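*Asks:* Once you've had a glance at the structure underneath, I'll fire off some questions.
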Amino acid sequence: MKDKLLSEILREYDAYRLEQQEALRLRESEVQSTIPELTRLRQSLVSSFAEKARALIMNPELENMDIEPDKDKHLDELKKKESSLLVQNGYPEDYLSLQYRCSVCRDTGYAGDLIKEKCSCLIQRLVDSSYRFSELYGLDKENFDSFDSDIFPNHPLPGKTQLTQKEYMEQLRTLLWEYQEAYPDNPRKSLLFTGKTGLGKTFLLNCLAKAILDKGYTVLKITSYNLFEHLFRSSFQNNPEDSLLVKDGIFEVDTLMIDDLGTETRRNNFTAEELFNILNERYLKRKHTFLSTNLSLTDLREYYSDRVTSRLFDTQNTIILHFQGQDVRLRAKRAPT
Ligand SMILES: Nc1ncnc2c1ncn2[C@@H]1O[C@H](COP(=O)(O)OP(=O)(O)OP(=O)(O)O)[C@@H](O)[C@H]1O
Ligand SMILES: [Mg+2]
């Protein structure tokens, strides 16, 4: 999906540049009819450029000389004259210059002197478009910056951890922060969040989603229920929109996040087979897949086939994180206001 999205956006950049060039052409002919002196000036400008180019062809040793037009004195003077003529006749001085939406990349999408990299305007566009494909809402509220460990109780967790729920969540935050810093080169491409309701699993998926989108990668986050509804419709009802989501989204997106695994409608072998296909295909392509579930590992084994759980529990490729403690939604309700 990233490539398709990227080429769609770049096509739009190209179209915008062509539009601007056409608009400039119209401005040029308008001005030439209202300021005849400008026509002569432009002709001198064009012949000065042509002279420079000819000189370069005849004397290749000039190649190392600076031939940037704005650094050339004569050309510079002509340009200045052009601007003042425009202003004298009531036009803005840059009326005959191309207008750029982004002055850094000049609307090409790529910037940099030696090595061309995606310009930040292009990354932003990729990010914005990804939001459209995904169930990614409220990332402005649920992100690493707004992570608040004070909402978790500061009592020791049962078991061996010795940590309080708050400390435990702080550690999870650090671990996932480092994960997103290393993204996309993490040796383990999958994350599995398990734990009961209200422990902050979806919140941390959102933190990761925002961080990964901000790096310019695509993210598709979808609840397991919706995912399998789309898959079912695309397999049996031939709905083009669902097929697109399956073809372009689920298999191609840089990071697929399946939230609430286990809440989907169970349809005999269909669910397990489709889930295996997704996990396996993405594993083979070395793509990231993050899942959250209220089911325990034992439940997952019961719910899905061995093929699915062997992929899910493959610790070479998956980091399994257990969320523990008290439901923060209940805690918030109980807290005095
Ligand atoms: N680190 C955090 N900082 C601030 N708010 C949080 C944090 N973690 C969770 N919350 C808030 O607590 C509530 C429950 O969190 P969340 O939805 O992530 O739980 P969950 O584990 O996904 O639950 P479920 O299994 O029911 O989907 C949400 O309102 C969420 O915004
Ligand atoms: Mg959740």
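Each chain in the structure tokens gets a letter, A, B and so on, in the order shown; residues start at 1 in every chain, and ligands are counted from 1 in the order they appear.
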Which residues of chain A have any atom within 10 Å of an atom in ligand 2 when counting only C-alpha atoms and all ligand atoms, and what is the closest pair of atoms for each, with the distance in Å to one decimal? Order the rows by chain and rising number and write it as a tab-separated table.

*Replies:*
```
residue	atom	partner	partner_atom_place_in_ligand_line	distance
A:Phe193	CA	ligand 2	1 (Mg)	9.8
A:Gly195	CA	ligand 2	1 (Mg)	9.7
A:Lys196	CA	ligand 2	1 (Mg)	9.2
A:Thr197	CA	ligand 2	1 (Mg)	6.9
A:Gly198	CA	ligand 2	1 (Mg)	6.9
A:Leu199	CA	ligand 2	1 (Mg)	8.1
A:Gly200	CA	ligand 2	1 (Mg)	7.0
A:Lys201	CA	ligand 2	1 (Mg)	5.5
A:Thr202	CA	ligand 2	1 (Mg)	4.1
A:Phe203	CA	ligand 2	1 (Mg)	7.2
A:Leu204	CA	ligand 2	1 (Mg)	9.3
A:Leu205	CA	ligand 2	1 (Mg)	8.7
A:Asn206	CA	ligand 2	1 (Mg)	10.0
A:Thr223	CA	ligand 2	1 (Mg)	8.9
A:Asp259	CA	ligand 2	1 (Mg)	6.5
A:Asp260	CA	ligand 2	1 (Mg)	6.1
A:Leu261	CA	ligand 2	1 (Mg)	9.7
A:Ser292	CA	ligand 2	1 (Mg)	7.2
A:Thr293	CA	ligand 2	1 (Mg)	7.8
A:Asn294	CA	ligand 2	1 (Mg)	8.4
```

*Asks:* How would the residues just chosen look if you wrote them out with N, CA and C atoms as a PDB file, in the first residue's frame?

*Replies:*
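Output (part_34.pdb):
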```pdb
ATOM      1  N   PHE A 193      -0.193  -8.145  22.445  1.00  0.00           N
ATOM      2  CA  PHE A 193      -0.582  -7.618  23.759  1.00  0.00           C
ATOM      3  C   PHE A 193      -1.704  -8.500  24.301  1.00  0.00           C
ATOM      4  N   GLY A 195      -4.170  -9.436  27.818  1.00  0.00           N
ATOM      5  CA  GLY A 195      -4.548  -8.930  29.137  1.00  0.00           C
ATOM      6  C   GLY A 195      -6.016  -8.574  29.166  1.00  0.00           C
ATOM      7  N   LYS A 196      -6.532  -8.518  30.384  1.00  0.00           N
ATOM      8  CA  LYS A 196      -7.965  -8.271  30.540  1.00  0.00           C
ATOM      9  C   LYS A 196      -8.321  -6.852  30.096  1.00  0.00           C
ATOM     10  N   THR A 197      -9.615  -6.566  30.209  1.00  0.00           N
ATOM     11  CA  THR A 197     -10.107  -5.284  29.710  1.00  0.00           C
ATOM     12  C   THR A 197      -9.618  -4.087  30.546  1.00  0.00           C
ATOM     13  N   GLY A 198      -9.437  -2.949  29.883  1.00  0.00           N
ATOM     14  CA  GLY A 198      -9.120  -1.694  30.576  1.00  0.00           C
ATOM     15  C   GLY A 198      -7.714  -1.594  31.139  1.00  0.00           C
ATOM     16  N   LEU A 199      -6.744  -2.254  30.490  1.00  0.00           N
ATOM     17  CA  LEU A 199      -5.375  -2.213  31.026  1.00  0.00           C
ATOM     18  C   LEU A 199      -4.429  -1.366  30.171  1.00  0.00           C
ATOM     19  N   GLY A 200      -4.968  -0.740  29.129  1.00  0.00           N
ATOM     20  CA  GLY A 200      -4.139   0.173  28.338  1.00  0.00           C
ATOM     21  C   GLY A 200      -3.542  -0.422  27.073  1.00  0.00           C
ATOM     22  N   LYS A 201      -4.111  -1.519  26.572  1.00  0.00           N
ATOM     23  CA  LYS A 201      -3.549  -2.153  25.358  1.00  0.00           C
ATOM     24  C   LYS A 201      -3.798  -1.280  24.124  1.00  0.00           C
ATOM     25  N   THR A 202      -5.067  -0.869  23.953  1.00  0.00           N
ATOM     26  CA  THR A 202      -5.376  -0.062  22.767  1.00  0.00           C
ATOM     27  C   THR A 202      -4.642   1.271  22.829  1.00  0.00           C
ATOM     28  N   PHE A 203      -4.532   1.826  24.029  1.00  0.00           N
ATOM     29  CA  PHE A 203      -3.820   3.098  24.185  1.00  0.00           C
ATOM     30  C   PHE A 203      -2.388   2.957  23.659  1.00  0.00           C
ATOM     31  N   LEU A 204      -1.715   1.875  24.044  1.00  0.00           N
ATOM     32  CA  LEU A 204      -0.330   1.720  23.582  1.00  0.00           C
ATOM     33  C   LEU A 204      -0.243   1.398  22.091  1.00  0.00           C
ATOM     34  N   LEU A 205      -1.266   0.735  21.552  1.00  0.00           N
ATOM     35  CA  LEU A 205      -1.276   0.539  20.084  1.00  0.00           C
ATOM     36  C   LEU A 205      -1.347   1.907  19.407  1.00  0.00           C
ATOM     37  N   ASN A 206      -2.183   2.788  19.965  1.00  0.00           N
ATOM     38  CA  ASN A 206      -2.304   4.128  19.379  1.00  0.00           C
ATOM     39  C   ASN A 206      -0.995   4.909  19.486  1.00  0.00           C
ATOM     40  N   THR A 223     -10.282  -3.237  14.168  1.00  0.00           N
ATOM     41  CA  THR A 223     -10.673  -4.216  15.176  1.00  0.00           C
ATOM     42  C   THR A 223     -10.822  -5.564  14.474  1.00  0.00           C
ATOM     43  N   ASP A 259      -6.845  -5.031  16.590  1.00  0.00           N
ATOM     44  CA  ASP A 259      -7.211  -4.780  17.983  1.00  0.00           C
ATOM     45  C   ASP A 259      -8.342  -5.724  18.382  1.00  0.00           C
ATOM     46  N   ASP A 260      -8.294  -6.196  19.623  1.00  0.00           N
ATOM     47  CA  ASP A 260      -9.365  -7.046  20.172  1.00  0.00           C
ATOM     48  C   ASP A 260      -9.528  -8.371  19.446  1.00  0.00           C
ATOM     49  N   LEU A 261      -8.427  -9.029  19.175  1.00  0.00           N
ATOM     50  CA  LEU A 261      -8.524 -10.366  18.585  1.00  0.00           C
ATOM     51  C   LEU A 261      -9.371 -11.246  19.509  1.00  0.00           C
ATOM     52  N   SER A 292      -3.792  -7.134  19.703  1.00  0.00           N
ATOM     53  CA  SER A 292      -4.144  -7.074  21.123  1.00  0.00           C
ATOM     54  C   SER A 292      -5.308  -8.018  21.356  1.00  0.00           C
ATOM     55  N   THR A 293      -5.354  -8.606  22.517  1.00  0.00           N
ATOM     56  CA  THR A 293      -6.442  -9.537  22.814  1.00  0.00           C
ATOM     57  C   THR A 293      -6.726  -9.611  24.312  1.00  0.00           C
ATOM     58  N   ASN A 294      -7.996  -9.902  24.641  1.00  0.00           N
ATOM     59  CA  ASN A 294      -8.350 -10.164  26.037  1.00  0.00           C
ATOM     60  C   ASN A 294      -8.170 -11.643  26.366  1.00  0.00           C
TER      61      ASN A 294
END
```

*Asks:* For A:Glu273, please output as a list in words all residues within 12 Å (counting only C-alpha atoms; exclusion window: fewer than 5 positions along the same chain).

*Replies:*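 The residues satisfying every condition are Phe228, Leu231, Phe232, Arg266, Arg267, Asn268, Ile278, Leu279, Asn280, Glu281, Tyr303, Tyr304, Ser305, Asp306, Arg307, Val308 and Thr309 of chain A.
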
*Asks:* Quick one: everything within 10 Å of A:Phe313, counting only C-alpha atoms, minus sequence neighbours fewer than 5 positions away in the same chain. Send it as a list in words.

*Replies:*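 Returned residues: Ser190, Leu191, Leu192, Leu297, Leu300, Arg301, Val308, Thr318, Ile319 and Ile320 of chain A.
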
*Asks:* What does the distance from atom CA of A:Asp314 to atom CA of A:Arg188 come to in Å, to one decimal?

*Replies:*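 Separation of atom CA of A:Asp314 and atom CA of A:Arg188: 9.7 Å.
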
*Asks:* Counting only C-alpha atoms, what is within 7 Å of stretch 208-211 of chain A, bar same-chain residues fewer than 3 positions away, as a list of chain:residue names?

*Replies:*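 The residues that qualify are A:Leu139, A:Asn143, A:Gln180, A:Leu204, A:Leu205, A:Asp214, A:Lys215, A:Val219.
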
*Asks:* Output C-alpha atoms for every residue in the selection just made, as a PDB file, in the first residue's frame.

*Replies:*
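Output file selection.pdb is given in full below:
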```pdb
ATOM      1  CA  LEU A 139      -4.155   9.889  18.060  1.00  0.00           C
ATOM      2  CA  ASN A 143       0.219   9.022  22.036  1.00  0.00           C
ATOM      3  CA  GLN A 180       9.345   2.567  17.673  1.00  0.00           C
ATOM      4  CA  LEU A 204      -0.330   1.720  23.582  1.00  0.00           C
ATOM      5  CA  LEU A 205      -1.276   0.539  20.084  1.00  0.00           C
ATOM      6  CA  ASP A 214       5.095  10.286  12.064  1.00  0.00           C
ATOM      7  CA  LYS A 215       8.101   8.442  10.668  1.00  0.00           C
ATOM      8  CA  VAL A 219      -0.396   1.929   9.479  1.00  0.00           C
TER       9      VAL A 219
END
```

*Asks:* For each of A:Arg286, A:His322, A:His74, A:His155, take the minimum atom-to-atom distance to ligand 1, counting only C-alpha atoms and all ligand atoms, then give the residue where this is smallest.

*Replies:*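 Residue with the minimum atom-to-atom distance to ligand 1: A:His322.
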
*Asks:* Of the candidates A:Ala182, A:Leu41, A:Leu175, A:Ile123, which one gets nearest to A:Ser83 if we count only C-alpha atoms?

*Replies:*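 Nearest candidate to A:Ser83 out of A:Ala182, A:Leu41, A:Leu175, A:Ile123: A:Leu41.
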
*Asks:* Considering only C-alpha atoms and all ligand atoms, can you say which of A:Gln20, A:Asn59, A:Ser296, A:Ser129 comes closest to ligand 1?

*Replies:*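 When distances to ligand 1 are compared using only C-alpha atoms and all ligand atoms, the smallest one comes from A:Ser296.
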
*Asks:* Find the residue from A:Glu274, A:Glu178, A:Glu170, A:Glu302 that sits nearest to ligand 1; use only C-alpha atoms and all ligand atoms when measuring.

*Replies:*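 That would be A:Glu170, the residue with the smallest distance to ligand 1.
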